[in-house]
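First up is the structure itself, then whatever we jot down about it.
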Amino acid sequence: MIAHYDSLEKVLECLQVDPERGLSESEASNRLKKYGENKLQERKKKTNIERFFDQFKDVMILILIVAAIISFIVAWYEKEGFFEPVLILVIVVLNALMGVIQESKAEKALEALKNLSAPFSKVIRDGKEQVIDASKLVPGDIIRLEAGDFIPADARIISSASLKAEESALTGESVPSEKDASAIVEENAALGDRRNMVYSGCSITYGHAKAVVVATGMKTEVGKIANLLESEFDEQTPLQQKLAQLGKYLGLAALAACAVIFIIGLLDGMDVLDIFMISVSLAVSAIPEGLPAIITIVLSIGVQRMVRKNAIIRRLPAVETLGCASVICSDKTGTLTQNRMTLVKAFAAGTSKPEDISENNSQEVKKLLQYAALCCDGYVEFSDGKEQHVGDPTETAIVLAAHKNGMPKDKLSTLYPRLAEVPFDSNRKLMTTVNLIDGKNIVIVKGAFDVLAGKCIDGDVEAGRKYSDQLSKEALRVLAVGYKEIDTIPATPTTEELESGLIFMGLLGMIDPPRPEAQKAVAECRRAGIKPVMITGDHVITASAIAKQLGILLDGDEAITGSELAKMSEEELKERVRSISVYARVSPEDKIRIVRAWQQQGEIVSMTGDGVNDAPALKAADIGCAMGITGTDVAKGAADMILTDDNFATIVDAVREGRAIYDNIRKTIGFLLGTNIGEILTVFFAMLLWKQAPLLAVQLLWINLVTDSLPAIALGMEAVEEDVMDRKPRPRDESIFAHGLSIQVLLQGVMFAMLTLAGFIIGWKGTGDIVAGRTMAFIILALTQVIHSFNMRSNKSLFKMGFFSNKYLNGAACVSAALVALVVFIPPIASVFGLTQLPGKMYLSALALAFIPLPVLELSKKIGLINTS
């Protein structure tokens, strides 16, 4: 059975139901067991315990656990304290807990979809109308629907009167869809064109109907979207992928170095426990323990910045992903447009051309607006400077235009009372009222021009035809207005009597207009190398007109419909996707195809939208952006980012912040890994040369987690570079270490190792105490990092950009230096960390060696050796 295509008789026959009596209670009970409740299912979510243990799949964490176990064994065997192994395990557990906290909470998309189900429904069973819980509806139930009702299930209309349904959240239509029980619909018709159907999750805005339920629960169109959401599993963002890859490389490097040290130690006859402890130090030095937490903090700082700019991030890594987005696929209705029909043009018969709607239109247009407003049931309420549109959006657009011209609806209704009416009917496409105007009975008719023109006997109908075509080509929705005077009002007004012999009065052209700031935002996206694409359920002519106005559809670009898209193979879509800027009349499945086609081209895709129909593509895209005000809960639940002001321009700010944050993350990673490479080389070469560990594991942990962390976080708060939006988006597969950062980090690590080993030898040989050597090495490596953090701020000279212009880094450097002093100069703490007091000249030597990277890096910038932008 194809519910919208088969005849009503066949649908009823397939569902085995009498449209007058409905199902029996016993049959409904049997079907409820067969089909299940009319609810949306949700997939099982991970518990916090499962999430916690998932954190231990990371290679870096596993290496630290092994290091802690070895450290425990050695400490127990040698009867030493357990401070070091306990500290390693504490770090591991804290990292795991932070990972659990940062993961997205239970998905809200399916929960929101469940909430879309109407709680109660009017149903006919055993010939009697009753109200039941909507979750108990089954296929074959006969339901009644009235204006204001939430549609509880997908249903084929049996009979209807002036029925309209609000389906914008499902189809993207900006105005309610007219419904007709007798409409003949093609088999492959899009959802928005199925005029004989109503759909779960939508609502009735006008008229009433009787319908037969054809699908419930997960079989409804909303249910299919829920299935799509379930099938679209969360994918890792580029940053997550790169950090995971980095962790594996570091882990493998640590294991390889440990293996080499172990073999060399055994060949040289070293004590196995000593070899194990040096291996633990090497493993700890190779792992940037603070990196995951610091990256999270840097991202969190970016999130706070974005909140101040009306963007709420639901998943932290999405900040970076948005920064490298190269394609933004945006819904039209409510995202690029205002989601409110607005009267923009009017043509009064007898004038020379259409007139733009303003607050002071010509007398002819004012009279046209007056008559049209009197023939409207919708109205606009004003409260605290805000407009509340009540009723059909087309009518409220007319009423608002009249109001702006000094003719409020309530005042018009009082001055010119309605004496009779014939409600709008989708078959005749007209609405008629009779009003008492200046003591005369005036019939006012508004509706489709083609229909109304045939009922006019006076007025410039040909001019009306000309301008109706013109306004339609401009993607405006056109209504015509006619009138006549009658002597007496019929006791029972009929269309034949009232809607004939009319005088053509004029035309009204309206559209869901673009957001005023959207055009500028689109232009800035193009300047930043981002391709804007419009994806909508609206008609292709309307969509194209808006897209041209906004600068999305340029010369040479294509605009296609969902039907045309359906005929394309995946290969053809892949070939043409770059030239298509507008997709109209598309389904949720189409949106995912489009997103995937761009992703197959290597692009990072952002999808913006506000409707239920956007949710699967929001989830499938690299980053989904939902509208916070007009957006449905479903869209918000599926999105990575929510724009609280529904402003497309906010995306531009989000892209800018995303790019800046990624820059700062690269600086942070470069800074931290320079330290780690320096530590690895220090431990490795000390072992090769002297069979000694120049730094203990606990000392390395202190440097990695305490001394380095504050400057690293402060680097994440570096100001946005001025030229950040003049760059092209980064390729999806671009390494974090692109543009020479890897070479820079490696060379810096070598420099740190040389300085640290020099200090180790000076302290050890100068005093004859290896503990003094380790103290020198600790001071030099720790302070080198504090000073080096200033070098990492930019590839520009510090003296050009202002040495102390990052106030956060100034404070972090002072605190880190104080912490180093705390560990070095307070004896009880120093002894815990395996440090000792040094002669005064050695402290000065350590300080001098620690400052060496500053002039070296400044010189490298001067001669152009450093360029990581």
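Within each chain, counting starts at residue 1; across the structure tokens, chains are named A, B, ... in the order shown, with ligands numbered 1 upward in that order.
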Output as an MDAnalysis selection string all residues of stretch 247-414 of chain A that backbone DSSP marks as alpha helix (DSSP H). chainID A and resid 247:267 272:286 291:308 318:323 363:374 393:404 409:414
Which of stretch 258-348 of chain A counts as strand (DSSP E) under DSSP, as a list of chain:residue names please? A:Ala311, A:Ile312, A:Ile313, A:Val327, A:Ile328, A:Cys329, A:Ser330, A:Thr342, A:Leu343, A:Val344, A:Lys345, A:Ala346, A:Phe347, A:Ala348
Export N, CA, C and O atoms of the chosen residues as a short mmCIF file (atom, residue, chain, number, x, y, z; two decimals), in the first residue's frame?
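Below is the file that was written, again05.cif:
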data_model
loop_
_atom_site.label_atom_id
_atom_site.label_comp_id
_atom_site.auth_asym_id
_atom_site.auth_seq_id
_atom_site.Cartn_x
_atom_site.Cartn_y
_atom_site.Cartn_z
N ALA A 311 26.64 31.91 20.38
CA ALA A 311 26.77 30.54 19.89
C ALA A 311 27.07 29.61 21.06
O ALA A 311 28.01 29.83 21.81
N ILE A 312 26.23 28.58 21.22
CA ILE A 312 26.42 27.61 22.30
C ILE A 312 26.97 26.32 21.69
O ILE A 312 26.37 25.74 20.78
N ILE A 313 28.10 25.87 22.20
CA ILE A 313 28.73 24.65 21.71
C ILE A 313 28.30 23.47 22.57
O ILE A 313 28.44 23.51 23.80
N VAL A 327 32.48 24.11 3.66
CA VAL A 327 31.16 24.18 3.03
C VAL A 327 30.12 24.37 4.13
O VAL A 327 30.16 23.67 5.15
N ILE A 328 29.21 25.33 3.95
CA ILE A 328 28.09 25.49 4.88
C ILE A 328 26.80 25.23 4.11
O ILE A 328 26.43 25.99 3.23
N CYS A 329 26.16 24.11 4.44
CA CYS A 329 24.87 23.77 3.85
C CYS A 329 23.78 24.31 4.78
O CYS A 329 23.67 23.85 5.92
N SER A 330 23.01 25.26 4.29
CA SER A 330 22.05 25.94 5.15
C SER A 330 20.63 25.76 4.67
O SER A 330 20.34 25.84 3.48
N THR A 342 6.05 38.24 4.52
CA THR A 342 6.04 39.70 4.59
C THR A 342 5.54 40.26 3.27
O THR A 342 6.00 39.86 2.19
N LEU A 343 4.60 41.17 3.35
CA LEU A 343 4.07 41.82 2.15
C LEU A 343 5.10 42.84 1.66
O LEU A 343 5.48 43.75 2.40
N VAL A 344 5.57 42.67 0.45
CA VAL A 344 6.63 43.56 -0.04
C VAL A 344 6.22 44.38 -1.26
O VAL A 344 6.79 45.44 -1.53
N LYS A 345 5.21 43.92 -2.03
CA LYS A 345 4.78 44.64 -3.23
C LYS A 345 3.26 44.67 -3.30
O LYS A 345 2.58 43.74 -2.84
N ALA A 346 2.74 45.74 -3.88
CA ALA A 346 1.29 45.84 -4.10
C ALA A 346 1.05 46.57 -5.42
O ALA A 346 1.74 47.55 -5.73
N PHE A 347 0.09 46.04 -6.18
CA PHE A 347 -0.31 46.72 -7.42
C PHE A 347 -1.78 47.06 -7.32
O PHE A 347 -2.64 46.18 -7.18
N ALA A 348 -2.09 48.34 -7.35
CA ALA A 348 -3.49 48.79 -7.32
C ALA A 348 -3.95 49.05 -8.75
O ALA A 348 -3.26 49.74 -9.52
#
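Checking A:Lys862, A:Arg730, A:Lys409, A:Lys10 one by one against A:Ala397, counting only C-alpha atoms, you find the shortest gap at A:Lys409.
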Non-local contacts of A:Gln600 (12 Å; only C-alpha atoms; under 6 positions in same chain excluded) as an MDAnalysis selection string: chainID A and resid 570:571 573:575 577:578 593:594 621 732
List the spatial neighbours of A:Val138 as a VMD selection string - criterion: any atom at most 10 Å away, only C-alpha atoms, same-chain residues fewer than 4 positions off excluded. chain A and resid 23 27 to 38 134 142 153 212 to 217
Which value, in Å to one decimal, gives the distance between atom CA of A:Val260 and atom CA of A:Leu695?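 If I compute the distance from atom CA of A:Val260 to atom CA of A:Leu695, I get 18.2 Å.
With only C-alpha atoms as the basis for measurement, A:Asn704 is the residue among A:Leu849, A:Asn704, A:Arg774, A:Thr321 that approaches A:Ser816 most closely.
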Hey, what's within 8 Å of A:Met725 if we count only C-alpha atoms and toss same-chain stuff fewer than 6 positions away? As an MDAnalysis selection string, please? chainID A and resid 527:528 656
In Å to one decimal, how far is atom CA of A:Thr47 from atom CA of A:Ala615? 24.1 Å
If you count only C-alpha atoms, which residues fall within 12 Å of A:Ile398, apart from same-chain ones fewer than 3 positions away, as an mmCIF file with N, CA and C atoms, in the first residue's frame?
data_model
loop_
_atom_site.group_PDB
_atom_site.id
_atom_site.type_symbol
_atom_site.label_atom_id
_atom_site.label_comp_id
_atom_site.auth_asym_id
_atom_site.auth_seq_id
_atom_site.Cartn_x
_atom_site.Cartn_y
_atom_site.Cartn_z
ATOM 1 N N ARG A 340 8.893 34.341 8.243
ATOM 2 C CA ARG A 340 7.656 35.109 8.420
ATOM 3 C C ARG A 340 7.290 35.744 7.086
ATOM 4 N N MET A 341 6.122 35.391 6.583
ATOM 5 C CA MET A 341 5.676 35.985 5.326
ATOM 6 C C MET A 341 5.542 37.499 5.505
ATOM 7 N N THR A 342 6.048 38.237 4.524
ATOM 8 C CA THR A 342 6.045 39.701 4.588
ATOM 9 C C THR A 342 5.540 40.265 3.273
ATOM 10 N N LEU A 343 4.595 41.170 3.350
ATOM 11 C CA LEU A 343 4.073 41.822 2.147
ATOM 12 C C LEU A 343 5.096 42.840 1.663
ATOM 13 N N VAL A 344 5.566 42.673 0.450
ATOM 14 C CA VAL A 344 6.634 43.558 -0.044
ATOM 15 C C VAL A 344 6.219 44.382 -1.264
ATOM 16 N N LYS A 345 5.210 43.923 -2.030
ATOM 17 C CA LYS A 345 4.778 44.642 -3.228
ATOM 18 C C LYS A 345 3.255 44.669 -3.297
ATOM 19 N N ALA A 346 2.738 45.741 -3.875
ATOM 20 C CA ALA A 346 1.292 45.840 -4.101
ATOM 21 C C ALA A 346 1.049 46.569 -5.418
ATOM 22 N N ILE A 357 5.872 48.104 -0.487
ATOM 23 C CA ILE A 357 5.130 48.360 0.742
ATOM 24 C C ILE A 357 6.005 49.152 1.718
ATOM 25 N N VAL A 365 -3.081 52.142 -2.910
ATOM 26 C CA VAL A 365 -2.573 50.931 -2.251
ATOM 27 C C VAL A 365 -3.131 50.828 -0.830
ATOM 28 N N LYS A 366 -3.301 51.953 -0.159
ATOM 29 C CA LYS A 366 -3.868 51.920 1.186
ATOM 30 C C LYS A 366 -5.291 51.354 1.171
ATOM 31 N N LEU A 368 -6.435 49.290 -1.079
ATOM 32 C CA LEU A 368 -6.266 47.867 -1.377
ATOM 33 C C LEU A 368 -5.930 47.090 -0.096
ATOM 34 N N LEU A 369 -5.021 47.638 0.712
ATOM 35 C CA LEU A 369 -4.645 46.992 1.966
ATOM 36 C C LEU A 369 -5.819 46.965 2.951
ATOM 37 N N GLN A 370 -6.612 48.053 2.954
ATOM 38 C CA GLN A 370 -7.773 48.119 3.849
ATOM 39 C C GLN A 370 -8.768 47.011 3.527
ATOM 40 N N TYR A 371 -9.097 46.875 2.247
ATOM 41 C CA TYR A 371 -10.062 45.854 1.836
ATOM 42 C C TYR A 371 -9.506 44.456 2.089
ATOM 43 N N ALA A 372 -8.212 44.245 1.761
ATOM 44 C CA ALA A 372 -7.611 42.927 1.950
ATOM 45 C C ALA A 372 -7.577 42.543 3.427
ATOM 46 N N ALA A 373 -7.272 43.514 4.313
ATOM 47 C CA ALA A 373 -7.207 43.239 5.746
ATOM 48 C C ALA A 373 -8.588 42.896 6.307
ATOM 49 N N LEU A 374 -9.611 43.549 5.793
ATOM 50 C CA LEU A 374 -10.974 43.238 6.235
ATOM 51 C C LEU A 374 -11.379 41.820 5.852
ATOM 52 N N CYS A 375 -10.748 41.283 4.793
ATOM 53 C CA CYS A 375 -11.053 39.933 4.323
ATOM 54 C C CYS A 375 -10.053 38.922 4.896
ATOM 55 N N CYS A 376 -9.578 39.187 6.108
ATOM 56 C CA CYS A 376 -8.614 38.290 6.765
ATOM 57 C C CYS A 376 -9.128 37.883 8.140
ATOM 58 N N ASP A 377 -8.867 36.629 8.525
ATOM 59 C CA ASP A 377 -9.183 36.171 9.879
ATOM 60 C C ASP A 377 -7.974 36.294 10.802
ATOM 61 N N GLY A 378 -6.795 36.284 10.226
ATOM 62 C CA GLY A 378 -5.572 36.397 11.030
ATOM 63 C C GLY A 378 -5.423 37.788 11.611
ATOM 64 N N TYR A 379 -4.622 37.899 12.661
ATOM 65 C CA TYR A 379 -4.380 39.209 13.264
ATOM 66 C C TYR A 379 -2.994 39.224 13.901
ATOM 67 N N VAL A 380 -2.540 40.415 14.243
ATOM 68 C CA VAL A 380 -1.219 40.597 14.849
ATOM 69 C C VAL A 380 -1.394 41.320 16.173
ATOM 70 N N HIS A 389 2.132 37.030 15.700
ATOM 71 C CA HIS A 389 1.275 36.741 14.563
ATOM 72 C C HIS A 389 0.377 35.550 14.887
ATOM 73 N N GLY A 391 -2.684 33.148 13.387
ATOM 74 C CA GLY A 391 -3.446 32.777 12.203
ATOM 75 C C GLY A 391 -2.552 32.498 11.007
ATOM 76 N N ASP A 392 -3.175 32.442 9.838
ATOM 77 C CA ASP A 392 -2.460 32.136 8.613
ATOM 78 C C ASP A 392 -1.392 33.202 8.328
ATOM 79 N N PRO A 393 -0.124 32.794 8.088
ATOM 80 C CA PRO A 393 0.957 33.762 7.861
ATOM 81 C C PRO A 393 0.700 34.703 6.692
ATOM 82 N N THR A 394 0.005 34.199 5.667
ATOM 83 C CA THR A 394 -0.319 35.047 4.520
ATOM 84 C C THR A 394 -1.226 36.197 4.947
ATOM 85 N N GLU A 395 -2.221 35.884 5.777
ATOM 86 C CA GLU A 395 -3.155 36.910 6.239
ATOM 87 C C GLU A 395 -2.488 37.879 7.215
ATOM 88 N N ALA A 401 0.920 44.899 7.165
ATOM 89 C CA ALA A 401 1.150 45.971 6.197
ATOM 90 C C ALA A 401 0.098 47.068 6.349
ATOM 91 N N ALA A 402 -1.151 46.669 6.575
ATOM 92 C CA ALA A 402 -2.212 47.656 6.799
ATOM 93 C C ALA A 402 -1.961 48.438 8.089
ATOM 94 N N HIS A 403 -1.517 47.718 9.120
ATOM 95 C CA HIS A 403 -1.226 48.355 10.413
ATOM 96 C C HIS A 403 -0.141 49.424 10.252
ATOM 97 N N LYS A 404 0.909 49.083 9.494
ATOM 98 C CA LYS A 404 2.003 50.036 9.288
ATOM 99 C C LYS A 404 1.545 51.276 8.525
ATOM 100 N N ASN A 405 0.471 51.135 7.783
ATOM 101 C CA ASN A 405 -0.077 52.269 7.046
ATOM 102 C C ASN A 405 -1.202 52.959 7.822
ATOM 103 N N MET A 407 -3.677 51.560 9.693
ATOM 104 C CA MET A 407 -5.000 50.915 9.681
ATOM 105 C C MET A 407 -4.955 49.619 10.500
ATOM 106 N N PRO A 408 -4.953 49.730 11.837
ATOM 107 C CA PRO A 408 -4.937 48.531 12.682
ATOM 108 C C PRO A 408 -6.166 47.666 12.429
ATOM 109 N N LYS A 409 -5.999 46.355 12.516
ATOM 110 C CA LYS A 409 -7.079 45.423 12.196
ATOM 111 C C LYS A 409 -8.294 45.615 13.111
ATOM 112 N N LYS A 446 -10.693 37.734 -1.861
ATOM 113 C CA LYS A 446 -9.243 37.629 -2.072
ATOM 114 C C LYS A 446 -8.875 36.174 -2.341
ATOM 115 N N VAL A 478 1.547 35.572 -4.810
ATOM 116 C CA VAL A 478 0.655 36.641 -5.267
ATOM 117 C C VAL A 478 -0.800 36.328 -4.909
ATOM 118 N N LEU A 479 -1.456 37.301 -4.298
ATOM 119 C CA LEU A 479 -2.896 37.225 -4.031
ATOM 120 C C LEU A 479 -3.578 38.382 -4.754
ATOM 121 N N ALA A 480 -4.764 38.100 -5.261
ATOM 122 C CA ALA A 480 -5.547 39.142 -5.927
ATOM 123 C C ALA A 480 -6.720 39.528 -5.034
ATOM 124 N N VAL A 481 -7.183 40.776 -5.182
ATOM 125 C CA VAL A 481 -8.327 41.276 -4.413
ATOM 126 C C VAL A 481 -9.346 41.884 -5.384
ATOM 127 N N LEU A 507 -3.283 43.585 -6.690
ATOM 128 C CA LEU A 507 -2.485 42.412 -6.336
ATOM 129 C C LEU A 507 -1.627 42.695 -5.107
ATOM 130 N N LEU A 508 -1.370 41.641 -4.349
ATOM 131 C CA LEU A 508 -0.473 41.719 -3.201
ATOM 132 C C LEU A 508 0.607 40.656 -3.375
ATOM 133 N N GLY A 509 1.863 41.070 -3.299
ATOM 134 C CA GLY A 509 2.977 40.132 -3.449
ATOM 135 C C GLY A 509 3.753 40.020 -2.151
ATOM 136 N N MET A 510 3.938 38.774 -1.683
ATOM 137 C CA MET A 510 4.629 38.578 -0.406
ATOM 138 C C MET A 510 5.667 37.476 -0.504
ATOM 139 N N ILE A 511 6.577 37.492 0.442
ATOM 140 C CA ILE A 511 7.665 36.520 0.455
ATOM 141 C C ILE A 511 8.175 36.382 1.874
#
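The smallest atom-to-atom distance between A:Phe52 and any of A:Leu252, A:Val92, A:Val820, A:Ile442, using only C-alpha atoms, is found for A:Val92.
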Near-stretch 11-20 of chain A list (10 Å; only C-alpha atoms; drop same-chain fewer than 5 positions) as a PDB file with N, CA and C atoms, in the first residue's frame:
ATOM      1  N   MET A   1       0.837  -1.202   0.000  1.00  0.00           N
ATOM      2  CA  MET A   1       0.000   0.000   0.000  1.00  0.00           C
ATOM      3  C   MET A   1       0.869   1.247   0.000  1.00  0.00           C
ATOM      4  N   ILE A   2       0.589   2.150  -0.948  1.00  0.00           N
ATOM      5  CA  ILE A   2       1.258   3.455  -0.975  1.00  0.00           C
ATOM      6  C   ILE A   2       0.199   4.475  -0.585  1.00  0.00           C
ATOM      7  N   ALA A   3       0.226   4.906   0.657  1.00  0.00           N
ATOM      8  CA  ALA A   3      -0.883   5.639   1.257  1.00  0.00           C
ATOM      9  C   ALA A   3      -1.284   6.887   0.480  1.00  0.00           C
ATOM     10  N   HIS A   4      -0.303   7.652  -0.042  1.00  0.00           N
ATOM     11  CA  HIS A   4      -0.645   8.908  -0.715  1.00  0.00           C
ATOM     12  C   HIS A   4      -1.020   8.694  -2.183  1.00  0.00           C
ATOM     13  N   TYR A   5      -0.672   7.538  -2.740  1.00  0.00           N
ATOM     14  CA  TYR A   5      -0.853   7.293  -4.182  1.00  0.00           C
ATOM     15  C   TYR A   5      -2.086   6.442  -4.475  1.00  0.00           C
ATOM     16  N   ASP A   6      -2.313   5.415  -3.689  1.00  0.00           N
ATOM     17  CA  ASP A   6      -3.475   4.540  -3.918  1.00  0.00           C
ATOM     18  C   ASP A   6      -4.776   5.296  -3.657  1.00  0.00           C
ATOM     19  N   GLU A  27     -10.159  -5.275  17.875  1.00  0.00           N
ATOM     20  CA  GLU A  27      -9.240  -5.225  16.738  1.00  0.00           C
ATOM     21  C   GLU A  27      -8.106  -4.229  17.004  1.00  0.00           C
ATOM     22  N   ILE A 124     -12.396   7.432  16.301  1.00  0.00           N
ATOM     23  CA  ILE A 124     -13.702   6.769  16.200  1.00  0.00           C
ATOM     24  C   ILE A 124     -13.479   5.265  16.302  1.00  0.00           C
ATOM     25  N   ARG A 125     -14.065   4.649  17.342  1.00  0.00           N
ATOM     26  CA  ARG A 125     -14.005   3.199  17.514  1.00  0.00           C
ATOM     27  C   ARG A 125     -15.391   2.676  17.878  1.00  0.00           C
ATOM     28  N   ASP A 126     -15.750   1.590  17.257  1.00  0.00           N
ATOM     29  CA  ASP A 126     -17.093   1.010  17.464  1.00  0.00           C
ATOM     30  C   ASP A 126     -18.188   2.029  17.193  1.00  0.00           C
ATOM     31  N   GLY A 127     -17.921   2.934  16.222  1.00  0.00           N
ATOM     32  CA  GLY A 127     -18.918   3.909  15.823  1.00  0.00           C
ATOM     33  C   GLY A 127     -19.045   5.101  16.748  1.00  0.00           C
ATOM     34  N   LYS A 128     -18.222   5.159  17.787  1.00  0.00           N
ATOM     35  CA  LYS A 128     -18.307   6.255  18.748  1.00  0.00           C
ATOM     36  C   LYS A 128     -16.992   7.045  18.775  1.00  0.00           C
ATOM     37  N   PRO A 139      -2.493   1.607  13.080  1.00  0.00           N
ATOM     38  CA  PRO A 139      -2.886   1.748  11.667  1.00  0.00           C
ATOM     39  C   PRO A 139      -4.318   1.273  11.469  1.00  0.00           C
ATOM     40  N   GLY A 140      -5.124   2.086  10.785  1.00  0.00           N
ATOM     41  CA  GLY A 140      -6.532   1.765  10.575  1.00  0.00           C
ATOM     42  C   GLY A 140      -7.470   2.567  11.451  1.00  0.00           C
ATOM     43  N   ASP A 141      -6.950   3.212  12.488  1.00  0.00           N
ATOM     44  CA  ASP A 141      -7.795   4.055  13.336  1.00  0.00           C
ATOM     45  C   ASP A 141      -8.305   5.252  12.535  1.00  0.00           C
ATOM     46  N   ILE A 142      -9.563   5.606  12.755  1.00  0.00           N
ATOM     47  CA  ILE A 142     -10.159   6.794  12.134  1.00  0.00           C
ATOM     48  C   ILE A 142     -10.059   7.939  13.140  1.00  0.00           C
ATOM     49  N   ILE A 143      -9.394   9.021  12.756  1.00  0.00           N
ATOM     50  CA  ILE A 143      -9.185  10.139  13.686  1.00  0.00           C
ATOM     51  C   ILE A 143      -9.832  11.407  13.145  1.00  0.00           C
ATOM     52  N   ARG A 156      -4.034   9.291   6.013  1.00  0.00           N
ATOM     53  CA  ARG A 156      -4.632   9.660   4.730  1.00  0.00           C
ATOM     54  C   ARG A 156      -5.959  10.344   5.021  1.00  0.00           C
ATOM     55  N   ILE A 158      -9.645  11.424   4.730  1.00  0.00           N
ATOM     56  CA  ILE A 158     -10.882  10.856   4.181  1.00  0.00           C
ATOM     57  C   ILE A 158     -11.790  11.968   3.700  1.00  0.00           C
ATOM     58  N   LYS A 210     -11.332  14.400   8.664  1.00  0.00           N
ATOM     59  CA  LYS A 210     -11.372  13.037   9.184  1.00  0.00           C
ATOM     60  C   LYS A 210     -10.331  12.262   8.389  1.00  0.00           C
ATOM     61  N   ALA A 211      -9.572  11.428   9.059  1.00  0.00           N
ATOM     62  CA  ALA A 211      -8.482  10.741   8.369  1.00  0.00           C
ATOM     63  C   ALA A 211      -8.297   9.335   8.928  1.00  0.00           C
ATOM     64  N   VAL A 212      -7.633   8.490   8.156  1.00  0.00           N
ATOM     65  CA  VAL A 212      -7.342   7.129   8.594  1.00  0.00           C
ATOM     66  C   VAL A 212      -5.826   7.002   8.804  1.00  0.00           C
ATOM     67  N   VAL A 213      -5.462   6.491   9.958  1.00  0.00           N
ATOM     68  CA  VAL A 213      -4.052   6.337  10.302  1.00  0.00           C
ATOM     69  C   VAL A 213      -3.420   5.263   9.416  1.00  0.00           C
ATOM     70  N   VAL A 214      -2.302   5.596   8.804  1.00  0.00           N
ATOM     71  CA  VAL A 214      -1.609   4.636   7.922  1.00  0.00           C
ATOM     72  C   VAL A 214      -0.249   4.215   8.474  1.00  0.00           C
TER      73      VAL A 214
END
Pick from A:Leu673, A:Ala325, A:Ala714, A:Leu757, whichever lies nearest to A:Gly773 using only C-alpha atoms: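 Selected residue with least distance to A:Gly773: A:Leu757.
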From the list A:Leu97, A:Leu400, A:Leu838, A:Ile592, which residue is nearest A:Glu50 when using only C-alpha atoms? A:Leu97
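Compared by their closest atoms to A:Ile541, and using only C-alpha atoms, the residues A:Leu62, A:Leu476, A:Leu681, A:Leu710 rank with A:Leu476 nearest.
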In Å, rounded to a single decimal, give me how far atom CA of A:Ile151 is from atom CA of A:Glu166.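 Between these atoms lies a distance of 9.9 Å.
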